[in-house]
Amino acid sequence: MSTDPTKIVMGRPIGQDFCEVAVLLANKPDSPLFIKDHNRKTMKDAIGSHILWFLEYVQLDFKRQVGDQD
């Protein structure tokens with residue numbers, strides 16, 4: 001959702017190594033998050049929210065943006 005290093009997600013700036021992602025589904029709901037906060041410790045805790053995730057584990061598609069028409 002965002003790679004802006006100054007944007008605040010989960011109470012901290014995204015920085016250079018992370019990005020903001022929206023969690024819609026958890027294939028492994030009990031898996032721990034890389035970055036935790038007081039409300040979100042596992043993937044199932046993060047469903048429906050935006051979290052920090054390692055940028056190297058995300059495939060970015062800069063050609064398609066939300067709202068683009070095919």
# chains A, B, ... in the order shown; residues from 1 in each chain; ligands from 1
call {"tool": "select_by_dssp", "arguments": {"residues": "chain A", "states": "strand (DSSP E)", "output": "list in words"}}
result
Ile8, Val9, Arg12, Pro13, Phe18, Cys19, Glu20, Val21, Ala22, His50, Ile51, Leu52, Trp53 and Phe54 of chain A
call {"tool": "residues_around", "arguments": {"residues": "segment 38-50 of chain A", "least_positions_apart": "5", "cutoff": "8 Å", "atoms": "only C-alpha atoms", "output": "ChimeraX atom specification"}}
result
/A:9-10,20-26,28-33
call {"tool": "write_last_selection", "arguments": {"atoms": "C-alpha atoms", "output": "mmCIF file, in the first residue's frame"}}
result
data_model
loop_
_atom_site.group_PDB
_atom_site.id
_atom_site.type_symbol
_atom_site.label_atom_id
_atom_site.label_comp_id
_atom_site.auth_asym_id
_atom_site.auth_seq_id
_atom_site.Cartn_x
_atom_site.Cartn_y
_atom_site.Cartn_z
ATOM 1 C CA VAL A 9 2.389 2.537 10.320
ATOM 2 C CA MET A 10 1.941 0.623 13.571
ATOM 3 C CA GLU A 20 2.753 -0.986 4.466
ATOM 4 C CA VAL A 21 0.465 -3.873 3.506
ATOM 5 C CA ALA A 22 -3.217 -4.572 4.094
ATOM 6 C CA VAL A 23 -3.976 -7.995 5.567
ATOM 7 C CA LEU A 24 -7.152 -9.412 4.052
ATOM 8 C CA LEU A 25 -6.605 -13.145 4.583
ATOM 9 C CA ALA A 26 -4.265 -15.253 6.710
ATOM 10 C CA LYS A 28 -1.410 -19.412 8.497
ATOM 11 C CA PRO A 29 -3.375 -17.432 11.106
ATOM 12 C CA ASP A 30 -1.157 -18.339 14.069
ATOM 13 C CA SER A 31 2.076 -17.227 12.368
ATOM 14 C CA PRO A 32 3.806 -14.419 14.269
ATOM 15 C CA LEU A 33 4.151 -10.983 12.708
#
call {"tool": "residues_around", "arguments": {"residues": "Leu55 of chain A", "least_positions_apart": "5", "cutoff": "7 Å", "atoms": "only C-alpha atoms", "output": "PyMOL selection string"}}
result
chain A and resi 17-19
call {"tool": "write_last_selection", "arguments": {"atoms": "all heavy atoms", "output": "mmCIF file, in the first residue's frame"}}
result
data_model
loop_
_atom_site.group_PDB
_atom_site.id
_atom_site.type_symbol
_atom_site.label_atom_id
_atom_site.label_comp_id
_atom_site.auth_asym_id
_atom_site.auth_seq_id
_atom_site.Cartn_x
_atom_site.Cartn_y
_atom_site.Cartn_z
ATOM 1 N N ASP A 17 13.452 -0.548 4.909
ATOM 2 C CA ASP A 17 13.384 -2.011 4.792
ATOM 3 C C ASP A 17 11.974 -2.583 4.820
ATOM 4 O O ASP A 17 11.782 -3.782 4.615
ATOM 5 C CB ASP A 17 14.195 -2.671 5.906
ATOM 6 C CG ASP A 17 15.666 -2.326 5.826
ATOM 7 O OD1 ASP A 17 16.191 -2.244 4.701
ATOM 8 O OD2 ASP A 17 16.288 -2.133 6.885
ATOM 9 N N PHE A 18 10.978 -1.740 5.071
ATOM 10 C CA PHE A 18 9.605 -2.221 5.221
ATOM 11 C C PHE A 18 8.672 -1.515 4.260
ATOM 12 O O PHE A 18 9.031 -0.533 3.623
ATOM 13 C CB PHE A 18 9.114 -1.996 6.659
ATOM 14 C CG PHE A 18 9.845 -2.809 7.673
ATOM 15 C CD1 PHE A 18 10.935 -2.289 8.346
ATOM 16 C CD2 PHE A 18 9.456 -4.109 7.957
ATOM 17 C CE1 PHE A 18 11.621 -3.047 9.278
ATOM 18 C CE2 PHE A 18 10.132 -4.871 8.886
ATOM 19 C CZ PHE A 18 11.216 -4.333 9.546
ATOM 20 N N CYS A 19 7.438 -2.019 4.170
ATOM 21 C CA CYS A 19 6.367 -1.358 3.442
ATOM 22 C C CYS A 19 5.078 -1.587 4.212
ATOM 23 O O CYS A 19 5.017 -2.427 5.108
ATOM 24 C CB CYS A 19 6.261 -1.874 2.016
ATOM 25 S SG CYS A 19 5.816 -3.605 1.885
#
call {"tool": "atom_distance", "arguments": {"atom1": "atom CA of Asp61 of chain A", "atom2": "atom CA of Gly11 of chain A"}}
result
25.7 Å
call {"tool": "select_by_dssp", "arguments": {"residues": "segment 13-49 of chain A", "states": "alpha helix (DSSP H)", "output": "MDAnalysis selection string"}}
result
chainID A and resid 43:46
call {"tool": "write_last_selection", "arguments": {"atoms": "all heavy atoms", "output": "PDB file, in the first residue's frame"}}
result
ATOM      1  N   MET A  43      -0.816 -13.259  12.576  1.00  0.00           N
ATOM      2  CA  MET A  43      -1.504 -12.893  11.336  1.00  0.00           C
ATOM      3  C   MET A  43      -3.007 -12.725  11.554  1.00  0.00           C
ATOM      4  O   MET A  43      -3.607 -11.811  11.016  1.00  0.00           O
ATOM      5  CB  MET A  43      -1.239 -13.936  10.252  1.00  0.00           C
ATOM      6  CG  MET A  43       0.170 -13.931   9.713  1.00  0.00           C
ATOM      7  SD  MET A  43       0.673 -12.375   8.962  1.00  0.00           S
ATOM      8  CE  MET A  43      -0.406 -12.301   7.549  1.00  0.00           C
ATOM      9  N   LYS A  44      -3.619 -13.590  12.366  1.00  0.00           N
ATOM     10  CA  LYS A  44      -5.070 -13.461  12.573  1.00  0.00           C
ATOM     11  C   LYS A  44      -5.418 -12.166  13.299  1.00  0.00           C
ATOM     12  O   LYS A  44      -6.492 -11.612  13.081  1.00  0.00           O
ATOM     13  CB  LYS A  44      -5.634 -14.678  13.304  1.00  0.00           C
ATOM     14  CG  LYS A  44      -5.227 -14.826  14.739  1.00  0.00           C
ATOM     15  CD  LYS A  44      -5.832 -16.079  15.334  1.00  0.00           C
ATOM     16  CE  LYS A  44      -5.210 -16.343  16.689  1.00  0.00           C
ATOM     17  NZ  LYS A  44      -5.451 -17.701  17.134  1.00  0.00           N
ATOM     18  N   ASP A  45      -4.518 -11.661  14.136  1.00  0.00           N
ATOM     19  CA  ASP A  45      -4.740 -10.375  14.798  1.00  0.00           C
ATOM     20  C   ASP A  45      -4.727  -9.218  13.803  1.00  0.00           C
ATOM     21  O   ASP A  45      -5.333  -8.177  14.044  1.00  0.00           O
ATOM     22  CB  ASP A  45      -3.659 -10.104  15.847  1.00  0.00           C
ATOM     23  CG  ASP A  45      -3.633 -11.114  16.968  1.00  0.00           C
ATOM     24  OD1 ASP A  45      -4.680 -11.717  17.266  1.00  0.00           O
ATOM     25  OD2 ASP A  45      -2.544 -11.304  17.547  1.00  0.00           O
ATOM     26  N   ALA A  46      -4.012  -9.393  12.698  1.00  0.00           N
ATOM     27  CA  ALA A  46      -3.812  -8.312  11.730  1.00  0.00           C
ATOM     28  C   ALA A  46      -4.860  -8.273  10.617  1.00  0.00           C
ATOM     29  O   ALA A  46      -4.901  -7.309   9.855  1.00  0.00           O
ATOM     30  CB  ALA A  46      -2.420  -8.441  11.114  1.00  0.00           C
TER      31      ALA A  46
END
call {"tool": "closest_residue", "arguments": {"among": "A:Asn27, A:Ile14, A:Gln59, A:Ile35", "to": "Ser2 of chain A", "atoms": "only C-alpha atoms"}}
result
A:Ile14
call {"tool": "atom_distance", "arguments": {"atom1": "atom CA of Asp37 of chain A", "atom2": "atom CA of Arg12 of chain A"}}
result
10.2 Å
call {"tool": "closest_residue", "arguments": {"among": "A:Gly15, A:Met1, A:Ile8, A:Phe34", "to": "Leu60 of chain A", "atoms": "only C-alpha atoms"}}
result
A:Met1
call {"tool": "decode", "arguments": {"residues": "segment 20-34 of chain A", "atoms": "all heavy atoms", "output": "compact mmCIF listing (two decimals), in the first residue's frame"}}
result
# COMPACT_ATOMS: atom_id res chain seq x y z
N GLU A 20 4.06 -0.83 3.86
CA GLU A 20 2.75 -0.99 4.47
C GLU A 20 1.94 -1.95 3.61
O GLU A 20 1.89 -1.80 2.39
CB GLU A 20 2.05 0.37 4.52
CG GLU A 20 0.63 0.31 5.00
CD GLU A 20 -0.11 1.62 4.79
OE1 GLU A 20 0.31 2.43 3.95
OE2 GLU A 20 -1.12 1.81 5.48
N VAL A 21 1.34 -2.95 4.22
CA VAL A 21 0.47 -3.87 3.51
C VAL A 21 -0.86 -3.98 4.25
O VAL A 21 -0.93 -3.78 5.46
CB VAL A 21 1.10 -5.29 3.35
CG1 VAL A 21 2.37 -5.23 2.53
CG2 VAL A 21 1.34 -5.94 4.68
N ALA A 22 -1.91 -4.30 3.51
CA ALA A 22 -3.22 -4.57 4.09
C ALA A 22 -3.37 -6.08 4.20
O ALA A 22 -3.11 -6.80 3.25
CB ALA A 22 -4.31 -3.99 3.23
N VAL A 23 -3.78 -6.56 5.35
CA VAL A 23 -3.98 -8.00 5.57
C VAL A 23 -5.46 -8.30 5.39
O VAL A 23 -6.28 -7.85 6.17
CB VAL A 23 -3.49 -8.43 6.96
CG1 VAL A 23 -3.69 -9.92 7.15
CG2 VAL A 23 -2.04 -8.05 7.18
N LEU A 24 -5.77 -9.05 4.34
CA LEU A 24 -7.15 -9.41 4.05
C LEU A 24 -7.46 -10.86 4.41
O LEU A 24 -8.60 -11.20 4.70
CB LEU A 24 -7.45 -9.18 2.57
CG LEU A 24 -7.17 -7.77 2.05
CD1 LEU A 24 -7.41 -7.70 0.56
CD2 LEU A 24 -8.01 -6.76 2.81
N LEU A 25 -6.44 -11.72 4.37
CA LEU A 25 -6.60 -13.15 4.58
C LEU A 25 -5.32 -13.69 5.19
O LEU A 25 -4.23 -13.25 4.83
CB LEU A 25 -6.87 -13.83 3.24
CG LEU A 25 -6.94 -15.35 3.21
CD1 LEU A 25 -8.22 -15.82 3.90
CD2 LEU A 25 -6.90 -15.84 1.79
N ALA A 26 -5.44 -14.63 6.10
CA ALA A 26 -4.26 -15.25 6.71
C ALA A 26 -4.29 -16.75 6.42
O ALA A 26 -5.15 -17.47 6.93
CB ALA A 26 -4.24 -15.00 8.21
N ASN A 27 -3.38 -17.21 5.57
CA ASN A 27 -3.28 -18.65 5.28
C ASN A 27 -2.80 -19.42 6.49
O ASN A 27 -3.19 -20.56 6.71
CB ASN A 27 -2.35 -18.89 4.10
CG ASN A 27 -2.94 -18.45 2.79
OD1 ASN A 27 -4.15 -18.49 2.61
ND2 ASN A 27 -2.10 -18.01 1.88
N LYS A 28 -1.92 -18.81 7.26
CA LYS A 28 -1.41 -19.41 8.50
C LYS A 28 -1.71 -18.43 9.63
O LYS A 28 -0.85 -17.65 10.03
CB LYS A 28 0.09 -19.69 8.38
CG LYS A 28 0.42 -20.72 7.31
CD LYS A 28 1.90 -20.99 7.24
CE LYS A 28 2.19 -22.03 6.17
NZ LYS A 28 3.62 -22.31 6.07
N PRO A 29 -2.93 -18.46 10.16
CA PRO A 29 -3.37 -17.43 11.11
C PRO A 29 -2.58 -17.33 12.40
O PRO A 29 -2.54 -16.26 13.00
CB PRO A 29 -4.83 -17.80 11.39
CG PRO A 29 -5.03 -19.17 10.88
CD PRO A 29 -3.97 -19.44 9.88
N ASP A 30 -1.92 -18.39 12.82
CA ASP A 30 -1.16 -18.34 14.07
C ASP A 30 0.30 -17.95 13.88
O ASP A 30 1.06 -17.91 14.85
CB ASP A 30 -1.26 -19.67 14.80
CG ASP A 30 -2.69 -19.95 15.27
OD1 ASP A 30 -3.36 -19.00 15.72
OD2 ASP A 30 -3.14 -21.10 15.16
N SER A 31 0.69 -17.65 12.64
CA SER A 31 2.08 -17.23 12.37
C SER A 31 2.34 -15.86 13.01
O SER A 31 1.50 -14.96 12.92
CB SER A 31 2.33 -17.12 10.86
OG SER A 31 2.20 -18.38 10.26
N PRO A 32 3.50 -15.71 13.64
CA PRO A 32 3.81 -14.42 14.27
C PRO A 32 4.12 -13.35 13.22
O PRO A 32 4.63 -13.65 12.14
CB PRO A 32 5.04 -14.72 15.11
CG PRO A 32 5.67 -15.91 14.46
CD PRO A 32 4.55 -16.70 13.85
N LEU A 33 3.79 -12.11 13.56
CA LEU A 33 4.15 -10.98 12.71
C LEU A 33 5.62 -10.64 12.90
O LEU A 33 6.18 -10.84 13.98
CB LEU A 33 3.30 -9.77 13.06
CG LEU A 33 1.79 -9.90 12.84
CD1 LEU A 33 1.08 -8.66 13.37
CD2 LEU A 33 1.48 -10.13 11.38
N PHE A 34 6.26 -10.09 11.87
CA PHE A 34 7.65 -9.61 12.01
C PHE A 34 7.70 -8.43 12.97
O PHE A 34 8.56 -8.36 13.84
CB PHE A 34 8.21 -9.17 10.65
CG PHE A 34 8.44 -10.28 9.69
CD1 PHE A 34 7.74 -10.33 8.50
CD2 PHE A 34 9.35 -11.28 9.95
CE1 PHE A 34 7.95 -11.34 7.58
CE2 PHE A 34 9.57 -12.31 9.05
CZ PHE A 34 8.86 -12.33 7.86
